[in-house]
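**Student:** Handing you a structure now.
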Amino acid sequence: MQMSSTIPATIVFALMLLGVSFGQANVAMETAQSEYHFKTVPPPAMDDAASKAEYKILRGKLDPNSAGAEALHNDKMPANEDQPGENFFFAAGTDGGCLEIDLGRTISVKQFASYSWHATTRAAQVYRLYGAIGDEAGLSHNIAPGTELTKSGWSLIASVDTRPESKLGGQHGVCITAADKPLGRFRYLLLDVSPTETVDAFGNTFFSEIDIYDADGPATVPIAIPKSSLLAFTTSEGKYRFTIDTTNASDLRDWCERELRPVVQSWYPKIVELLPSDGFMAPSRVELRFQDESRMRGNPAYASGTMISLNTQWFRRELKREARGAVVHEMAHVVQSYAQNRQNARTSTPGWIVEGIPDYIRWYLYEPESKGAEITESAFASAAYDSSYRVTGNFFDFLMRTYDQDFVAKLNSVARNGRYDANFWMETFGKTAPELEKEWRADCRKKIDQAKK
Ligand SMILES: [Zn+2]
């Protein structure tokens with residue numbers, strides 16, 4: 001570790017993350033995935049002392065896409081995680097800035113709360129909160145970059161850093177209080193805001209709301225939280241993050257929450273485990289979005305990169321039948337990631353393999369009880385190993401049962417690495433695909449005949 005003057009600050013942040021008070025102030029920090037459900041941080045409020053305050057940027061520049069400071073006290077919260085027009089944030093690529101809140105008169109501030117929401121790095125809050133009454137000697141409202149605020153009449157109240165180790169997004173809530181008394185008497189509060197990261201230009205936090213509680217003021221009223229059209233959740237250990245956008249299917253939101261979410265949470269990591277390859281890291285963020293049938297051009301669902309599009313009308317019809325299985329199939333495409341690895345590919349993977357692997361996983365591992373990929377008498381005549389989808393899934397199941405439990409993982413690995421060709425079958429089984437097909441069809445024939453008895 002490099003010895004530098006930043007170390008004391010790092011220690012302070014670490015202590016705060018453990019909930020230790022800084023100076024006189026306690027800083028409670030929490031994250032939520034939706035609807036601002038925090039355990040100790042209060043929900044966003046209206047009619048607080050900040051509602052009628054005046055806001056002024058003393059250093060830095062407002063981003064042209066930002067709503068401006070009115071977003072911080074308009075009694076409205078964003079409805080989803082990426083709404084620049086509903087948030088206050090400093091300009092992209094800048095190192096934040098100073099925002100002054102003038103309460104109009106000196107009050108006894110009981111607590112200070114701030115809220116933010118974003119999918120990734122703009123969710124966290126990194127700022128120092130200062131206060132002043134107005135008559136401090138040398139109090140300055142002109143803050144040049146590098147100004148040491150405590151030498152310009154401002155008192156440091158608290159330092160805030162909600163950056164999670166995992167750098168995941170979500171809703172961040174901060175509440176600053178003193179143990180058993182008000183924070184202090186202030187007319188001016190000043191946020192000295194830093195970006196959460198400087199790796200790219202998009203590290204300035206999306207602040208959605210600031211609440212200041214007057215110790216002598218009336219009780220505040222919680223802001224009505226819009227029912228989000230975005231369902232956001234992670235796997236239990238937080239490794240994979242998902243969003244389901246139901247803007248075009250609000251009637252399906254409850255079904256998504258109750259029925260689809262558990263399938264996604266348990267099956268995405270399982271599929272990742274089923275389809276490993278050397279050095280491969282499966283996408284950690286997956287988006288699902290309902291789209292109108294007309295935009296889907298009749299497709300029930302498809303995956304493009306890490307985005308899964310779902311046909312609203314088709315899903316409404318199939319809720320009790322094919323809906324969940326279709327999502328399992330599309331999640332397998334996200335994990336396959338063949339297109340992302342295409343650059344170094346020597347060969348392109350035939351479509352029947354691209355579709356056969358997801359259907360094998362869906363019909364034989366996810367929902368074997370549905371027997372949806374059995375070869376029927378009427379389908380038998382034309383069933384070929386490369387018929388694609390569930391017929392190929394059936395062929396793969398035969399090979400898994402008869403020859404090699406690792407076969408699908410091996411096939412996926414060569415396909416992902418752009419190394420699949422027809423020799424794969426001879427190298428893996430000592431037989432060509434048509435030879436294996438003969439054995440598979442004989443097995444199908446036997447099963448069909450047995451079922452007749
Ligand atoms: Zn597919």
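By order in the structure tokens, chains are A, B, ...; within a chain, residues start at 1; ligands start at 1, following the order shown.
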Please identify the residues whose atoms come within 7 Å of ligand 1, using only C-alpha atoms and all ligand atoms, and report them as a list of chain:residue names.
**Tutor:**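 Listing the residues within 7 Å of ligand 1 gives A:Tyr302, A:His329, A:Glu330, A:His333, A:Glu355, A:Pro358.
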**Student:** For Asp292 in chain A, work out the shell of residues within 9 Å, counting only C-alpha atoms and skipping chain neighbours fewer than 4 positions away, then give it as a list in words.
**Tutor:** Asn248, Ala249, Met296, Arg297, Leu310, Asn311, Thr312 and Gln313 of chain A
**Student:** Those residues you just picked out, can you put them in a file as a short mmCIF file (atom, residue, chain, number, x, y, z; two decimals), in the first residue's frame with N, CA and C atoms?
**Tutor:**
```
data_model
loop_
_atom_site.label_atom_id
_atom_site.label_comp_id
_atom_site.auth_asym_id
_atom_site.auth_seq_id
_atom_site.Cartn_x
_atom_site.Cartn_y
_atom_site.Cartn_z
N ASN A 248 -44.22 -1.70 -20.70
CA ASN A 248 -45.19 -2.08 -21.73
C ASN A 248 -46.07 -3.26 -21.31
N ALA A 249 -46.04 -3.60 -20.03
CA ALA A 249 -46.82 -4.75 -19.56
C ALA A 249 -47.08 -4.61 -18.05
N MET A 296 -41.95 -7.01 -31.82
CA MET A 296 -41.27 -8.30 -31.71
C MET A 296 -41.38 -9.10 -33.00
N ARG A 297 -42.14 -8.59 -33.98
CA ARG A 297 -42.35 -9.27 -35.25
C ARG A 297 -42.73 -10.73 -35.07
N LEU A 310 -39.11 -9.53 -24.52
CA LEU A 310 -40.22 -10.45 -24.29
C LEU A 310 -41.48 -9.87 -24.94
N ASN A 311 -42.19 -10.71 -25.66
CA ASN A 311 -43.40 -10.30 -26.38
C ASN A 311 -44.59 -10.25 -25.39
N THR A 312 -45.04 -9.03 -25.09
CA THR A 312 -46.07 -8.84 -24.06
C THR A 312 -47.31 -9.71 -24.30
N GLN A 313 -47.85 -9.65 -25.51
CA GLN A 313 -49.09 -10.38 -25.80
C GLN A 313 -48.88 -11.89 -25.70
#
```
**Student:** Extract, using only C-alpha atoms, all DNA, RNA and protein residues at most 10 Å from Tyr366 in chain A, discarding same-chain residues fewer than 2 positions from it, and format them as a list in words.
**Tutor:** Val263, Trp267, Lys270, Ile271, Arg324, Gly325, Val328, His329, Asp359, Tyr360, Ile361, Arg362, Trp363, Tyr364, Pro368, Glu369 and Ser370 of chain A
**Student:** From a backbone DSSP assignment, name each residue in range 73-111 of chain A labelled strand (DSSP E or B), as a PyMOL selection string.
**Tutor:** chain A and resi 88+90+97-111
**Student:** Write the residues of the selection above to a file with all heavy atoms, as a compact mmCIF listing (two decimals), in the first residue's frame.
**Tutor:**
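Generated file (again00.txt):
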```
# COMPACT_ATOMS: atom_id res chain seq x y z
N PHE A 88 -30.92 15.65 -9.89
CA PHE A 88 -29.91 16.71 -9.90
C PHE A 88 -28.54 16.06 -9.99
O PHE A 88 -28.22 15.18 -9.19
CB PHE A 88 -30.00 17.53 -8.61
CG PHE A 88 -28.84 18.49 -8.44
CD1 PHE A 88 -28.92 19.79 -8.92
CD2 PHE A 88 -27.66 18.08 -7.81
CE1 PHE A 88 -27.84 20.66 -8.77
CE2 PHE A 88 -26.59 18.95 -7.67
CZ PHE A 88 -26.68 20.25 -8.15
N PHE A 90 -24.17 16.97 -11.20
CA PHE A 90 -23.15 17.85 -11.79
C PHE A 90 -22.71 17.31 -13.14
O PHE A 90 -22.90 16.13 -13.46
CB PHE A 90 -21.96 17.99 -10.83
CG PHE A 90 -22.26 18.86 -9.64
CD1 PHE A 90 -22.48 18.31 -8.38
CD2 PHE A 90 -22.34 20.25 -9.79
CE1 PHE A 90 -22.76 19.12 -7.28
CE2 PHE A 90 -22.64 21.07 -8.70
CZ PHE A 90 -22.84 20.50 -7.44
N GLY A 97 -19.03 19.29 -7.38
CA GLY A 97 -19.22 20.70 -7.11
C GLY A 97 -19.83 20.93 -5.74
O GLY A 97 -19.99 20.00 -4.95
N CYS A 98 -20.14 22.22 -5.47
CA CYS A 98 -20.74 22.59 -4.19
C CYS A 98 -22.15 23.11 -4.40
O CYS A 98 -22.37 24.01 -5.21
CB CYS A 98 -19.91 23.68 -3.49
SG CYS A 98 -18.35 23.09 -2.86
N LEU A 99 -23.09 22.54 -3.67
CA LEU A 99 -24.49 22.97 -3.74
C LEU A 99 -24.88 23.55 -2.39
O LEU A 99 -24.77 22.88 -1.36
CB LEU A 99 -25.38 21.78 -4.08
CG LEU A 99 -26.89 22.08 -4.15
CD1 LEU A 99 -27.21 22.98 -5.34
CD2 LEU A 99 -27.68 20.78 -4.22
N GLU A 100 -25.33 24.81 -2.41
CA GLU A 100 -25.74 25.46 -1.17
C GLU A 100 -27.26 25.44 -1.04
O GLU A 100 -27.97 25.66 -2.01
CB GLU A 100 -25.26 26.91 -1.16
CG GLU A 100 -25.61 27.65 0.13
CD GLU A 100 -25.30 29.14 0.01
OE1 GLU A 100 -26.05 29.85 -0.68
OE2 GLU A 100 -24.32 29.59 0.62
N ILE A 101 -27.72 25.14 0.17
CA ILE A 101 -29.15 25.18 0.46
C ILE A 101 -29.40 26.27 1.48
O ILE A 101 -28.89 26.21 2.60
CB ILE A 101 -29.62 23.81 1.03
CG1 ILE A 101 -29.23 22.67 0.08
CG2 ILE A 101 -31.13 23.82 1.28
CD1 ILE A 101 -29.34 21.29 0.69
N ASP A 102 -30.15 27.29 1.07
CA ASP A 102 -30.45 28.41 1.96
C ASP A 102 -31.86 28.22 2.50
O ASP A 102 -32.84 28.31 1.76
CB ASP A 102 -30.33 29.73 1.16
CG ASP A 102 -30.67 30.94 2.03
OD1 ASP A 102 -31.01 30.77 3.22
OD2 ASP A 102 -30.59 32.07 1.48
N LEU A 103 -31.96 27.98 3.80
CA LEU A 103 -33.26 27.70 4.42
C LEU A 103 -34.06 28.98 4.68
O LEU A 103 -35.20 28.92 5.14
CB LEU A 103 -33.07 26.94 5.73
CG LEU A 103 -32.38 25.56 5.58
CD1 LEU A 103 -31.98 25.01 6.95
CD2 LEU A 103 -33.28 24.58 4.86
N GLY A 104 -33.45 30.13 4.42
CA GLY A 104 -34.16 31.40 4.58
C GLY A 104 -34.06 31.97 5.99
O GLY A 104 -34.17 33.18 6.19
N ARG A 105 -33.86 31.12 6.96
CA ARG A 105 -33.69 31.57 8.34
C ARG A 105 -32.96 30.46 9.10
O ARG A 105 -32.92 29.31 8.64
CB ARG A 105 -35.04 31.87 9.00
CG ARG A 105 -35.93 30.65 9.10
CD ARG A 105 -37.34 30.97 9.56
NE ARG A 105 -38.15 29.74 9.60
CZ ARG A 105 -38.27 28.95 10.65
NH1 ARG A 105 -37.66 29.22 11.80
NH2 ARG A 105 -39.00 27.85 10.60
N THR A 106 -32.42 30.80 10.23
CA THR A 106 -31.69 29.81 11.01
C THR A 106 -32.67 28.91 11.75
O THR A 106 -33.60 29.41 12.40
CB THR A 106 -30.76 30.50 12.02
OG1 THR A 106 -29.83 31.30 11.28
CG2 THR A 106 -30.00 29.50 12.87
N ILE A 107 -32.49 27.63 11.60
CA ILE A 107 -33.36 26.68 12.32
C ILE A 107 -32.48 25.66 13.04
O ILE A 107 -31.28 25.53 12.77
CB ILE A 107 -34.34 25.93 11.38
CG1 ILE A 107 -33.56 25.05 10.38
CG2 ILE A 107 -35.25 26.91 10.65
CD1 ILE A 107 -34.44 24.01 9.67
N SER A 108 -33.11 24.93 13.95
CA SER A 108 -32.43 23.84 14.62
C SER A 108 -32.62 22.58 13.75
O SER A 108 -33.73 22.07 13.64
CB SER A 108 -33.06 23.63 16.01
OG SER A 108 -32.46 22.51 16.62
N VAL A 109 -31.56 22.16 13.09
CA VAL A 109 -31.66 21.03 12.15
C VAL A 109 -31.56 19.72 12.92
O VAL A 109 -30.55 19.44 13.57
CB VAL A 109 -30.57 21.12 11.07
CG1 VAL A 109 -30.60 19.88 10.18
CG2 VAL A 109 -30.76 22.38 10.22
N LYS A 110 -32.63 18.96 12.83
CA LYS A 110 -32.68 17.68 13.55
C LYS A 110 -31.94 16.58 12.77
O LYS A 110 -31.16 15.84 13.32
CB LYS A 110 -34.14 17.29 13.73
CG LYS A 110 -34.36 16.09 14.63
CD LYS A 110 -35.87 15.87 14.81
CE LYS A 110 -36.17 14.39 14.93
NZ LYS A 110 -37.55 14.09 14.51
N GLN A 111 -32.24 16.51 11.47
CA GLN A 111 -31.55 15.52 10.65
C GLN A 111 -31.55 15.95 9.20
O GLN A 111 -32.36 16.77 8.77
CB GLN A 111 -32.16 14.12 10.81
CG GLN A 111 -33.57 13.97 10.28
CD GLN A 111 -34.17 12.63 10.69
OE1 GLN A 111 -34.16 12.28 11.87
NE2 GLN A 111 -34.69 11.90 9.72
```
**Student:** If we count only C-alpha atoms, what is near range 233-240 of chain A at a cut-off of 12 Å, once residues fewer than 4 positions away on the same chain are taken out, given as an MDAnalysis selection string?
**Tutor:** chainID A and resid 32:34 119 164:171 244:245 256:257 260:270 272 281:288 306 335
**Student:** What would the file look like if the residues just selected were written as a compact mmCIF listing (two decimals), in the first residue's frame with N, CA, C and O atoms?
**Tutor:**
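Result file is out.txt:
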```txt
# COMPACT_ATOMS: atom_id res chain seq x y z
N ALA A 32 -31.46 0.20 -1.38
CA ALA A 32 -32.69 -0.55 -1.64
C ALA A 32 -32.76 -0.78 -3.13
O ALA A 32 -32.12 -0.08 -3.91
N GLN A 33 -33.53 -1.78 -3.54
CA GLN A 33 -33.66 -2.04 -4.97
C GLN A 33 -34.87 -1.32 -5.55
O GLN A 33 -34.92 -1.02 -6.73
N SER A 34 -35.88 -1.05 -4.73
CA SER A 34 -37.04 -0.33 -5.25
C SER A 34 -37.85 0.26 -4.11
O SER A 34 -37.77 -0.18 -2.97
N ALA A 119 -28.65 2.83 -12.04
CA ALA A 119 -28.38 1.41 -12.27
C ALA A 119 -26.97 1.04 -11.83
O ALA A 119 -26.73 -0.08 -11.38
N PRO A 164 -20.50 1.02 -2.51
CA PRO A 164 -20.39 -0.37 -2.08
C PRO A 164 -19.16 -1.00 -2.72
O PRO A 164 -18.72 -0.54 -3.76
N GLU A 165 -18.64 -2.02 -2.09
CA GLU A 165 -17.49 -2.71 -2.66
C GLU A 165 -17.82 -3.27 -4.03
O GLU A 165 -17.01 -3.26 -4.94
N SER A 166 -19.06 -3.75 -4.17
CA SER A 166 -19.44 -4.40 -5.43
C SER A 166 -19.73 -3.40 -6.54
O SER A 166 -19.89 -3.76 -7.67
N LYS A 167 -19.80 -2.10 -6.21
CA LYS A 167 -20.07 -1.04 -7.19
C LYS A 167 -21.43 -1.20 -7.88
O LYS A 167 -21.63 -0.69 -8.96
N LEU A 168 -22.33 -1.92 -7.28
CA LEU A 168 -23.63 -2.09 -7.90
C LEU A 168 -24.51 -0.88 -7.64
O LEU A 168 -24.30 -0.12 -6.72
N GLY A 169 -25.52 -0.73 -8.50
CA GLY A 169 -26.40 0.41 -8.36
C GLY A 169 -27.54 0.14 -7.41
O GLY A 169 -27.45 -0.71 -6.53
N GLY A 170 -28.62 0.88 -7.59
CA GLY A 170 -29.78 0.75 -6.73
C GLY A 170 -30.14 2.10 -6.15
O GLY A 170 -29.67 3.14 -6.61
N GLN A 171 -31.00 2.09 -5.15
CA GLN A 171 -31.39 3.31 -4.48
C GLN A 171 -30.53 3.45 -3.23
O GLN A 171 -30.44 2.53 -2.43
N ILE A 244 -36.18 -6.14 -14.83
CA ILE A 244 -37.29 -6.49 -15.73
C ILE A 244 -38.11 -5.22 -15.92
O ILE A 244 -38.66 -4.68 -14.96
N ASP A 245 -38.14 -4.74 -17.15
CA ASP A 245 -38.87 -3.50 -17.46
C ASP A 245 -40.29 -3.87 -17.91
O ASP A 245 -40.47 -4.47 -18.96
N CYS A 256 -44.26 -11.13 -12.72
CA CYS A 256 -42.80 -11.08 -12.80
C CYS A 256 -42.20 -11.18 -11.41
O CYS A 256 -41.23 -11.91 -11.18
N GLU A 257 -42.78 -10.43 -10.48
CA GLU A 257 -42.25 -10.40 -9.11
C GLU A 257 -42.41 -11.78 -8.44
O GLU A 257 -41.49 -12.28 -7.82
N LEU A 260 -41.64 -15.04 -12.09
CA LEU A 260 -40.47 -15.03 -12.97
C LEU A 260 -39.17 -14.78 -12.20
O LEU A 260 -38.15 -15.42 -12.46
N ARG A 261 -39.24 -13.84 -11.27
CA ARG A 261 -38.03 -13.48 -10.53
C ARG A 261 -37.32 -14.68 -9.89
O ARG A 261 -36.11 -14.84 -10.07
N PRO A 262 -38.04 -15.59 -9.17
CA PRO A 262 -37.33 -16.74 -8.59
C PRO A 262 -36.70 -17.65 -9.64
O PRO A 262 -35.63 -18.22 -9.39
N VAL A 263 -37.33 -17.77 -10.80
CA VAL A 263 -36.76 -18.61 -11.87
C VAL A 263 -35.46 -17.99 -12.36
O VAL A 263 -34.44 -18.67 -12.52
N VAL A 264 -35.48 -16.67 -12.57
CA VAL A 264 -34.28 -15.98 -13.05
C VAL A 264 -33.16 -16.07 -12.01
O VAL A 264 -32.02 -16.41 -12.32
N GLN A 265 -33.53 -15.83 -10.76
CA GLN A 265 -32.51 -15.84 -9.69
C GLN A 265 -31.85 -17.20 -9.52
O GLN A 265 -30.67 -17.28 -9.25
N SER A 266 -32.62 -18.27 -9.66
CA SER A 266 -32.00 -19.58 -9.43
C SER A 266 -31.40 -20.16 -10.71
O SER A 266 -30.37 -20.83 -10.66
N TRP A 267 -32.01 -19.89 -11.88
CA TRP A 267 -31.53 -20.55 -13.09
C TRP A 267 -30.40 -19.85 -13.80
O TRP A 267 -29.58 -20.51 -14.45
N TYR A 268 -30.29 -18.54 -13.72
CA TYR A 268 -29.17 -17.90 -14.41
C TYR A 268 -27.82 -18.43 -13.88
O TYR A 268 -26.98 -18.88 -14.67
N PRO A 269 -27.62 -18.43 -12.55
CA PRO A 269 -26.34 -18.99 -12.06
C PRO A 269 -26.16 -20.47 -12.40
O PRO A 269 -25.04 -20.91 -12.65
N LYS A 270 -27.27 -21.24 -12.45
CA LYS A 270 -27.15 -22.65 -12.82
C LYS A 270 -26.67 -22.80 -14.25
O LYS A 270 -25.83 -23.65 -14.56
N VAL A 272 -24.96 -20.62 -15.95
CA VAL A 272 -23.54 -20.21 -15.98
C VAL A 272 -22.65 -21.39 -15.60
O VAL A 272 -21.63 -21.66 -16.23
N MET A 281 -16.11 -15.23 -18.33
CA MET A 281 -16.91 -14.66 -17.25
C MET A 281 -18.29 -14.33 -17.82
O MET A 281 -18.38 -13.52 -18.75
N ALA A 282 -19.30 -14.94 -17.30
CA ALA A 282 -20.65 -14.68 -17.81
C ALA A 282 -21.06 -13.24 -17.50
O ALA A 282 -20.62 -12.67 -16.50
N PRO A 283 -21.90 -12.64 -18.35
CA PRO A 283 -22.38 -11.27 -18.07
C PRO A 283 -22.98 -11.18 -16.67
O PRO A 283 -23.72 -12.08 -16.25
N SER A 284 -22.67 -10.11 -15.95
CA SER A 284 -23.17 -9.98 -14.57
C SER A 284 -24.43 -9.13 -14.50
O SER A 284 -25.06 -9.05 -13.45
N ARG A 285 -24.78 -8.49 -15.62
CA ARG A 285 -26.01 -7.70 -15.65
C ARG A 285 -26.87 -8.14 -16.82
O ARG A 285 -26.40 -8.18 -17.95
N VAL A 286 -28.12 -8.48 -16.54
CA VAL A 286 -29.02 -8.93 -17.60
C VAL A 286 -30.30 -8.09 -17.51
O VAL A 286 -30.85 -7.89 -16.43
N GLU A 287 -30.73 -7.58 -18.67
CA GLU A 287 -31.97 -6.81 -18.71
C GLU A 287 -33.04 -7.58 -19.45
O GLU A 287 -32.76 -8.16 -20.50
N LEU A 288 -34.24 -7.59 -18.89
CA LEU A 288 -35.39 -8.17 -19.58
C LEU A 288 -36.38 -7.04 -19.82
O LEU A 288 -36.60 -6.22 -18.93
N THR A 306 -26.89 -8.84 -23.76
CA THR A 306 -27.39 -9.11 -22.41
C THR A 306 -28.81 -8.62 -22.23
O THR A 306 -29.32 -8.55 -21.12
N VAL A 335 -25.85 -16.42 -21.66
CA VAL A 335 -24.66 -17.08 -21.12
C VAL A 335 -23.78 -17.62 -22.25
O VAL A 335 -22.55 -17.55 -22.17
```
**Student:** Show me, as an MDAnalysis selection string, the residues that have an atom within 10 Å of Asn394 in chain A when counting only C-alpha atoms, minus same-chain residues fewer than 4 positions from it.
**Tutor:** chainID A and resid 356 359:360 363:364 372:375 383 385 388:390 398:400 440 444
